[in-house]
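Have a look at the structure below before the remarks.
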Amino acid sequence: MQSDTTVHIVDDDEAIRQSLTLLLRSVDINVQSYDSAQAFLDVFDATKPGCLLLDIRMPAMSGLELQQELKQRKIQIPVIILTGHADVALAVRAMKAGAMDVIEKPFHDQDLLDSVSKALANSVAILQAQQKQIKFLERASMLSPREQEIMNMYIEGKCGKAIAADLNISPKTVNVHRGHILEKMQVRTMIELVHLAMPNKL
């Protein structure tokens, strides 16, 4: 497990928090626990990878309400819902709201650890994609309007001749722009540029 990942436990039951903390730390997973959704929101750093073990029933702000708040803040963190067997309808709502997994109490330790492992790996991938997008946008902002236009046409799969025809310019001019685009975007080929651009085409 990556040392910079953290599992955030949000549950108003102290015994559950302690039990989960002991289990996760026994396999060298970093843990932070909170007795309320607001306590979590007050200190959570969305720039660091982690996942959320979330009790669905809590006073003040429920697990579902916390999910909604995270969505409104555009925070992408994998959520694992902890639920009692009587909360099937709520668990379904949580999954529809984007929860990665639902684990019913009492749970098997290995099932929980497997789910946490997947969630943490997913979190790392999410943050890497976000960083990739930031780099793409920063570099793209250095392009001229014409270079941005031509880059987008390449990303859409058009060849140089088609771009030249669409823009009523010579293929040679397109190639000159292409060279400037590659240089400013810090890539060697258009294929590499397309891979870099993929998150921005969603």
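Chain labels follow the order of the structure tokens: the first chain is A, the next B, and so on; residue numbering restarts at 1 in every chain, and ligands are counted from 1 in their shown order.
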Surrounding residues of Leu112 in chain A excluding itself and chain neighbours under 5 positions, 10 Å, only C-alpha atoms, as number ranges by chain: A: 20, 23-24, 53, 80, 82, 101-104, 107, 117
At a cut-off of 10 Å, can you tabulate as CSV every residue of range 160-199 of chain A near range 138-146 of chain A together with its closest atom pair and the distance in Å to one decimal, using only C-alpha atoms and ordering rows by chain then number?
residue,atom,partner,partner_atom,distance
A:Leu167,CA,A:Arg146,CA,9.8
A:Val174,CA,A:Arg146,CA,9.9
A:His177,CA,A:Arg146,CA,8.2
A:His180,CA,A:Leu143,CA,8.4
A:Ile181,CA,A:Leu143,CA,7.0
A:Glu183,CA,A:Arg139,CA,9.9
A:Lys184,CA,A:Arg139,CA,6.5
A:Met185,CA,A:Arg139,CA,5.4
A:Gln186,CA,A:Arg139,CA,8.0
A:Ala197,CA,A:Ala140,CA,9.7
Contacts of Gly160 in chain A at 8 Å (only C-alpha atoms; same-chain gap of 4+ positions) as a PDB file with N, CA and C atoms, in the first residue's frame:
ATOM      1  N   TYR A 154      -6.767  17.847 -34.644  1.00  0.00           N
ATOM      2  CA  TYR A 154      -5.930  16.637 -34.589  1.00  0.00           C
ATOM      3  C   TYR A 154      -6.480  15.662 -33.555  1.00  0.00           C
ATOM      4  N   ALA A 164      -6.078  21.273 -43.294  1.00  0.00           N
ATOM      5  CA  ALA A 164      -5.734  22.334 -44.241  1.00  0.00           C
ATOM      6  C   ALA A 164      -6.941  22.703 -45.097  1.00  0.00           C
ATOM      7  N   PRO A 171      -1.216  22.690 -46.492  1.00  0.00           N
ATOM      8  CA  PRO A 171      -0.712  21.631 -45.614  1.00  0.00           C
ATOM      9  C   PRO A 171       0.603  22.005 -44.950  1.00  0.00           C
ATOM     10  N   VAL A 174      -0.112  24.008 -41.940  1.00  0.00           N
ATOM     11  CA  VAL A 174      -0.607  23.119 -40.883  1.00  0.00           C
ATOM     12  C   VAL A 174       0.567  22.430 -40.196  1.00  0.00           C
ATOM     13  N   ASN A 175       1.540  21.969 -40.993  1.00  0.00           N
ATOM     14  CA  ASN A 175       2.704  21.287 -40.424  1.00  0.00           C
ATOM     15  C   ASN A 175       3.534  22.212 -39.545  1.00  0.00           C
TER      16      ASN A 175
END
Taking the DSSP secondary structure from the backbone, can you list the residues of range 19-168 of chain A that are alpha helix (DSSP H), as a PyMOL selection string? chain A and resi 19-25+37-43+63-72+88-96+109-140+145-155+160-167
Serialized selection, C-alpha atoms, as a compact mmCIF listing (two decimals), in the first residue's frame:
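Saved result, part_37.txt, follows:
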# COMPACT_ATOMS: atom_id res chain seq x y z
CA SER A 19 -12.24 -1.39 15.48
CA LEU A 20 -11.74 -0.21 11.90
CA THR A 21 -8.67 1.80 12.85
CA LEU A 22 -7.03 -1.21 14.50
CA LEU A 23 -7.83 -3.44 11.52
CA LEU A 24 -6.46 -1.06 8.92
CA ARG A 25 -3.35 -0.14 10.88
CA ALA A 37 -19.34 14.33 8.52
CA GLN A 38 -18.61 17.96 9.36
CA ALA A 39 -15.47 17.02 11.31
CA PHE A 40 -14.23 15.25 8.17
CA LEU A 41 -15.07 18.16 5.88
CA ASP A 42 -13.31 20.63 8.18
CA VAL A 43 -9.89 19.03 7.69
CA GLY A 63 -23.63 9.58 4.84
CA LEU A 64 -25.86 10.34 1.84
CA GLU A 65 -25.78 14.05 2.64
CA LEU A 66 -21.98 13.96 2.89
CA GLN A 67 -21.82 12.27 -0.51
CA GLN A 68 -23.94 15.08 -1.93
CA GLU A 69 -21.75 17.72 -0.30
CA LEU A 70 -18.61 16.16 -1.77
CA LYS A 71 -20.26 16.12 -5.18
CA GLN A 72 -21.18 19.80 -4.90
CA VAL A 88 -30.86 -1.71 1.91
CA ALA A 89 -32.85 1.15 0.36
CA LEU A 90 -30.36 3.72 1.65
CA ALA A 91 -27.46 1.61 0.40
CA VAL A 92 -28.99 1.52 -3.08
CA ARG A 93 -29.32 5.31 -3.01
CA ALA A 94 -25.67 5.58 -1.94
CA MET A 95 -24.56 3.42 -4.85
CA LYS A 96 -26.60 5.50 -7.27
CA ASP A 109 -12.22 -8.27 7.69
CA GLN A 110 -10.79 -9.45 4.37
CA ASP A 111 -13.80 -8.22 2.42
CA LEU A 112 -13.30 -4.77 3.89
CA LEU A 113 -9.54 -4.79 3.27
CA ASP A 114 -10.03 -5.89 -0.34
CA SER A 115 -12.52 -3.10 -0.93
CA VAL A 116 -10.25 -0.51 0.71
CA SER A 117 -7.29 -1.65 -1.40
CA LYS A 118 -9.29 -1.16 -4.62
CA ALA A 119 -10.59 2.21 -3.43
CA LEU A 120 -7.12 3.53 -2.59
CA ALA A 121 -5.74 2.41 -5.96
CA ASN A 122 -8.70 4.13 -7.62
CA SER A 123 -7.98 7.33 -5.68
CA VAL A 124 -4.36 7.37 -6.84
CA ALA A 125 -5.53 6.94 -10.45
CA ILE A 126 -8.07 9.77 -10.06
CA LEU A 127 -5.45 12.19 -8.75
CA GLN A 128 -2.98 11.22 -11.48
CA ALA A 129 -5.65 11.92 -14.10
CA GLN A 130 -6.41 15.26 -12.48
CA GLN A 131 -2.73 16.22 -12.54
CA LYS A 132 -2.53 15.16 -16.17
CA GLN A 133 -5.49 17.38 -16.97
CA ILE A 134 -3.99 20.34 -15.14
CA LYS A 135 -0.74 20.00 -17.10
CA PHE A 136 -2.65 19.74 -20.36
CA LEU A 137 -4.68 22.88 -19.66
CA GLU A 138 -1.64 24.85 -18.51
CA ARG A 139 0.28 24.00 -21.67
CA ALA A 140 -2.73 24.49 -23.94
CA PRO A 145 -6.05 30.54 -30.95
CA ARG A 146 -5.12 29.03 -34.33
CA GLU A 147 -2.84 26.44 -32.70
CA GLN A 148 -5.61 25.51 -30.27
CA GLU A 149 -8.02 25.11 -33.17
CA ILE A 150 -5.62 22.89 -35.11
CA MET A 151 -4.73 20.87 -31.99
CA ASN A 152 -8.42 20.16 -31.34
CA MET A 153 -8.87 19.03 -34.92
CA TYR A 154 -5.93 16.64 -34.59
CA ILE A 155 -7.39 15.34 -31.31
CA GLY A 160 -3.11 17.37 -41.76
CA LYS A 161 -4.57 17.54 -45.28
CA ALA A 162 -8.14 17.52 -43.97
CA ILE A 163 -7.31 20.26 -41.48
CA ALA A 164 -5.73 22.33 -44.24
CA ALA A 165 -8.83 21.92 -46.40
CA ASP A 166 -11.22 22.77 -43.55
CA LEU A 167 -9.26 25.90 -42.62
Length of the CA of Ser170 in chain A to CA of Gly157 in chain A vector [Å]: 18.4 Å
Quick one: of A:His195, A:Arg17, A:Arg188, A:Arg178, who's nearest to Ser36 in chain A, counting only C-alpha atoms? A:Arg17
May I have the residues within 8 Å of Asp4 in chain A as a list in words, using only C-alpha atoms and disregarding those fewer than 6 positions away in the same chain?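 Returned residues: Asn30, Lys48 and Pro49 of chain A.
Running DSSP on the backbone gives strand (DSSP E) for these residues within chain A: Thr6, Val7, His8, Ile9, Val10, Asn30, Val31, Gln32, Ser33, Tyr34, Gly50, Cys51, Leu52, Leu53, Leu54, Asp55, Val79, Ile80, Ile81, Leu82, Thr83, Asp101, Val102, Ile103 and Glu104 of chain A.
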Between CA of Thr47 in chain A and CA of Ile9 in chain A, what is the distance in Å, rounded to a tenth? 17.6 Å
